[in-house]
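S.K.: The structure is given below, and queries will be raised subsequently.
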Amino acid sequence: MKDLYKRLGLPTNGKIDPATVRARVLRLPDEQLRRDCERVLLDPQARAVYDRNLELLRKIAVARAGLGISSTEHWGQAMRAEFPVAATAPGRRTAATGGPATAAGGEQKYGLAISAVVAAAVVFGLFAFNAYLQSPPYHFRKAEKANTAAAYKAFVDAHPGSPEVEVARKRMVEIELKGIWKKVTESDKHALKRMDPASASQLSLIGNLSRVADGIPETSAGLNAARLLAETRSSFIGQIDSGDKLDFFVKAFPREKIDEALADPLQRHIGEMMDKNVIETVLERLEKARKSRHGVAAEKIRELEKKARDRLVDLFFAEAKRNETPAALESFIAENRTSDRIAEALEILNELKRRYADFAFVRKLDTKEAYERFLEYKQSGSEADAARKRLVDLEVDEILKGDVGELPELQPLGYTRNSTKASIEVENNTSHTLTVRYSGRDSQKHDLAPREKKTFTLEKGEYRVTATVNAAQVRPYAGSESVNFDLYAVTFYISSSLSPSFPSFNPPIYRSKSP
């Protein structure tokens with residue numbers, strides 16, 4: 001063990017102020033010695049442990065000198081040089097202690113005993129010191145000394161169960177938020193004087209300021225951010241002269257309470273707002289203001305709530321009209337039964353139903369919803385058959401756009417070609433409902449219950465084929481097939497793994513020729 005104080009040229013009574021120690025340590029030319037001193041003497045707790053062990057070794061050195069014990073196995077030349085004490089002549093005691101002289105054999109006996117004590121004390125001290133250097137408190141103090149988010153994160157990763165983890169996480173957040181405030185420039189502050197509804201950067205800046213103000217409210221950064229936010233809010237309220245600016249203000253300050261200052265622009269422009277989600281936020285804040293019974297008069301709050309709901313209805317109705325789909329209008333009617341728009345919505349819905357019953361109109365739209373709606377009105381006839389086939393084609397198109405596995409080619413049972421149609425036997429050997437789609441000359445879709453077997457005929461030709469089951473963890477499978485022979489048989493089943501050592505989280509559907 002080294003006497004680090006001696007190497008720094010400092011007194012060894014341990015009563016040196018930390019600033020003096022730090023100054024001496026930083027001037028050390030030996031890099032290794034400097035690191036040792038920093039790790040031990042610049043950490044208060046590590047230094048306290050070191051001082052206790054150092055004092056113990058000094059006392060042992062004095063005791064050895066008093067007994068006249070020279071070099072032993074555990075106290076050699078290096079230790080004597082590190083802790084020099086003038087030795088008493090062999091065979092004598094000091095005047096203070098008195099007593100008979102010690103024989104040479106006695107000296108050896110005492111020397112061995114003292115050596116054992118020294119060895120045990122040094123080993124114990126080193127173990128204790130090393131244990132402290134590996135402990136969470138020591139590493140936490142190192143993180144405190146560095147005071148960086150990276151240092152605190154390293155501590156949390158190394159000691160996730162330590163009591164200091166919560167403090168470390170809070171300080172990580174504090175450092176991050178202070179860094180956000182530090183990056184706010186004078187140019188940023190100036191930009192907040194004028195509302196710009198088209199500026200995403202303004203929204204981002206206000207969001208960051210809110211995080212700082214809410215996250216570290218008692219720090220100078222938090223107080224300054226809160227002050228800037230209050231100034232910006234007041235300035236923006238005075239600039240609200242349209243629905244889009246009102247939308248922008250609510251996005252920027254979604255948790256702001258409804259006070260008289262904000263109630264006035266809401267009264268004037270809530271009917272011009274265009275963002276349904278923002279209006280929902282306004283309704284939430286109005287409800288909270290009404291329940292609190294403070295600030296804006298309850299009558300005025302109720303009036304604003306009615307205007308907000310009416311505006312939402314108008315926007316939903318406009319969207320339903322734009323979509324020109326029965327589903328959108330039916331949804332609007334179901335959710336707004338007391339609206340004065342219901343009569344108009346029903347009129348438009350009836351007109352759309354008339355159109356969707358016209359196959360020429362539906363074929364022009366050529367969408368899944370159009371064909372599905374047409375089939376609600378007409379279930380039989382040549383037009384219904386054509387609609388079903390086209391619907392299968394569109395569904396296959398949609399499936400093929402996603403992540404699909406590859407189906408192997410369909411293998412015939414026999415090689416006769418006596419008919420223009422093929423007979424295909426499909427067996428669903430899974431515990432899910434299976435849907436197979438053939439898109440081509442004779443597009444068809446067939447649903448099979450678990451363990452069901454079904455046979456259907458298909459005109460010969462080229463087909464795109466998909467197989468899906470009603471289980472989210474099983475991805476669809478698809479392939480291309482030439483159906484040229486008279487008889488085919490196929491079995492679908494699900495495998496839980498792609499190979500013995502690589503389990504699949506999206507089990508594939510495999511097919512095989514029936515025996």
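In the structure tokens, chains take the letters A, B, ... in the order shown, each chain's residues start at 1, and ligands count up from 1 in the order shown.
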So that I can see what lies close to Ile333 of chain A, please list as a list in words the residues with an atom at most 9 Å from it, counting only C-alpha atoms and leaving out residues fewer than 6 positions away in the same chain.
M.R.: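 In the requested form, the answer reads Ser339, Arg341, Ile342, Ala345 and Leu346 of chain A.
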S.K.: Where does DSSP see helix (DSSP H, G or I) in segment 243-478 of chain A, if you list the residues as a PyMOL selection string?
M.R.: chain A and resi 243-252+260-272+276-292+298-323+326-335+342-356+359-365+368-377+382-400
S.K.: Let me see the file: selected residues, C-alpha atoms, as a tab-separated table (two decimals), in the first residue's frame.
M.R.:
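In the end it all went to part_21.tsv:
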chain	number	residue	atom	x	y	z
A	243	GLY	CA	-60.05	29.19	-37.34
A	244	ASP	CA	-56.64	27.95	-38.44
A	245	LYS	CA	-54.91	30.15	-35.85
A	246	LEU	CA	-57.27	28.86	-33.18
A	247	ASP	CA	-56.45	25.30	-34.27
A	248	PHE	CA	-52.74	26.11	-34.01
A	249	PHE	CA	-53.07	27.69	-30.57
A	250	VAL	CA	-54.86	24.65	-29.11
A	251	LYS	CA	-52.24	22.32	-30.62
A	252	ALA	CA	-49.49	24.46	-29.07
A	260	GLU	CA	-61.83	34.77	-20.27
A	261	ALA	CA	-58.86	35.69	-22.46
A	262	LEU	CA	-59.23	32.46	-24.47
A	263	ALA	CA	-63.03	32.28	-24.32
A	264	ASP	CA	-63.43	35.36	-26.54
A	265	PRO	CA	-61.48	34.04	-29.58
A	266	LEU	CA	-63.22	30.68	-29.09
A	267	GLN	CA	-66.58	32.46	-29.25
A	268	ARG	CA	-65.61	34.19	-32.50
A	269	HIS	CA	-63.78	31.44	-34.40
A	270	ILE	CA	-64.74	28.00	-33.07
A	271	GLY	CA	-67.13	27.62	-36.03
A	272	GLU	CA	-64.16	28.00	-38.42
A	276	LYS	CA	-61.60	17.43	-35.48
A	277	ASN	CA	-59.01	16.21	-32.95
A	278	VAL	CA	-58.31	19.79	-31.84
A	279	ILE	CA	-62.03	20.44	-31.36
A	280	GLU	CA	-62.22	17.28	-29.23
A	281	THR	CA	-59.43	18.76	-27.10
A	282	VAL	CA	-61.36	22.03	-26.78
A	283	LEU	CA	-64.43	20.09	-25.61
A	284	GLU	CA	-62.36	18.33	-22.95
A	285	ARG	CA	-61.00	21.66	-21.66
A	286	LEU	CA	-64.49	23.21	-21.70
A	287	GLU	CA	-65.90	20.29	-19.72
A	288	LYS	CA	-63.13	20.70	-17.15
A	289	ALA	CA	-63.81	24.45	-16.94
A	290	ARG	CA	-67.53	23.82	-16.44
A	291	LYS	CA	-66.91	21.32	-13.64
A	292	SER	CA	-64.44	23.58	-11.85
A	298	ALA	CA	-71.11	28.42	-16.76
A	299	GLU	CA	-73.61	29.76	-19.30
A	300	LYS	CA	-70.83	30.90	-21.59
A	301	ILE	CA	-69.07	27.54	-21.25
A	302	ARG	CA	-72.25	25.67	-22.24
A	303	GLU	CA	-72.65	27.95	-25.26
A	304	LEU	CA	-69.07	27.23	-26.33
A	305	GLU	CA	-69.59	23.49	-25.87
A	306	LYS	CA	-72.64	23.60	-28.14
A	307	LYS	CA	-70.73	25.50	-30.81
A	308	ALA	CA	-67.84	23.03	-30.61
A	309	ARG	CA	-70.19	20.02	-30.98
A	310	ASP	CA	-72.04	21.65	-33.87
A	311	ARG	CA	-68.70	22.29	-35.59
A	312	LEU	CA	-67.69	18.65	-35.12
A	313	VAL	CA	-70.97	17.51	-36.65
A	314	ASP	CA	-70.45	19.82	-39.62
A	315	LEU	CA	-66.95	18.47	-40.21
A	316	PHE	CA	-68.04	14.82	-39.92
A	317	PHE	CA	-70.94	15.45	-42.29
A	318	ALA	CA	-68.69	17.21	-44.82
A	319	GLU	CA	-66.28	14.27	-44.68
A	320	ALA	CA	-69.11	11.77	-45.18
A	321	LYS	CA	-70.34	13.72	-48.20
A	322	ARG	CA	-66.85	13.90	-49.69
A	323	ASN	CA	-66.37	10.13	-49.33
A	326	PRO	CA	-73.03	4.69	-47.79
A	327	ALA	CA	-70.85	3.44	-44.91
A	328	ALA	CA	-69.61	6.93	-44.04
A	329	LEU	CA	-73.12	8.40	-44.09
A	330	GLU	CA	-74.57	5.50	-42.10
A	331	SER	CA	-71.88	6.01	-39.49
A	332	PHE	CA	-72.66	9.74	-39.33
A	333	ILE	CA	-76.39	9.08	-38.93
A	334	ALA	CA	-75.82	6.49	-36.18
A	335	GLU	CA	-73.57	8.85	-34.18
A	342	ILE	CA	-79.90	13.99	-40.39
A	343	ALA	CA	-82.56	14.75	-43.01
A	344	GLU	CA	-79.93	15.84	-45.52
A	345	ALA	CA	-77.75	12.85	-44.67
A	346	LEU	CA	-80.65	10.43	-45.22
A	347	GLU	CA	-81.45	12.03	-48.55
A	348	ILE	CA	-77.84	11.68	-49.72
A	349	LEU	CA	-77.68	8.11	-48.38
A	350	ASN	CA	-80.78	7.06	-50.33
A	351	GLU	CA	-79.35	8.57	-53.49
A	352	LEU	CA	-76.07	6.70	-52.93
A	353	LYS	CA	-77.92	3.44	-52.37
A	354	ARG	CA	-79.71	3.95	-55.68
A	355	ARG	CA	-76.35	4.51	-57.38
A	356	TYR	CA	-74.67	1.53	-55.72
A	359	PHE	CA	-73.68	-2.21	-61.67
A	360	ALA	CA	-72.40	0.21	-64.30
A	361	PHE	CA	-71.77	2.83	-61.57
A	362	VAL	CA	-70.09	0.26	-59.31
A	363	ARG	CA	-67.89	-1.06	-62.12
A	364	LYS	CA	-66.74	2.49	-62.82
A	365	LEU	CA	-65.70	2.94	-59.16
A	368	LYS	CA	-63.90	-3.42	-52.84
A	369	GLU	CA	-66.43	-1.32	-50.93
A	370	ALA	CA	-68.41	-0.57	-54.10
A	371	TYR	CA	-68.72	-4.26	-55.02
A	372	GLU	CA	-69.52	-5.25	-51.41
A	373	ARG	CA	-72.23	-2.60	-51.28
A	374	PHE	CA	-73.64	-3.72	-54.65
A	375	LEU	CA	-73.85	-7.32	-53.39
A	376	GLU	CA	-75.91	-6.13	-50.44
A	377	TYR	CA	-78.58	-4.99	-52.90
A	382	SER	CA	-75.02	-12.42	-63.80
A	383	GLU	CA	-74.10	-8.97	-62.44
A	384	ALA	CA	-73.83	-10.36	-58.91
A	385	ASP	CA	-71.59	-13.19	-60.19
A	386	ALA	CA	-69.37	-10.68	-62.00
A	387	ALA	CA	-69.19	-8.52	-58.86
A	388	ARG	CA	-68.09	-11.48	-56.75
A	389	LYS	CA	-65.36	-12.44	-59.20
A	390	ARG	CA	-64.03	-8.89	-59.41
A	391	LEU	CA	-64.13	-8.64	-55.62
A	392	VAL	CA	-61.91	-11.74	-55.39
A	393	ASP	CA	-59.44	-10.16	-57.84
A	394	LEU	CA	-59.24	-6.96	-55.75
A	395	GLU	CA	-58.80	-8.93	-52.52
A	396	VAL	CA	-55.93	-10.92	-54.06
A	397	ASP	CA	-54.34	-7.66	-55.26
A	398	GLU	CA	-54.47	-6.36	-51.69
A	399	ILE	CA	-53.03	-9.53	-50.16
A	400	LEU	CA	-50.13	-9.58	-52.62
S.K.: Can you work out which one of A:Pro18, A:Phe456, A:Val40, A:Asn53 has the shortest atom-to-atom distance to Met1 of chain A, counting only C-alpha atoms?
M.R.: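 Smallest distance to Met1 of chain A is found for A:Asn53.
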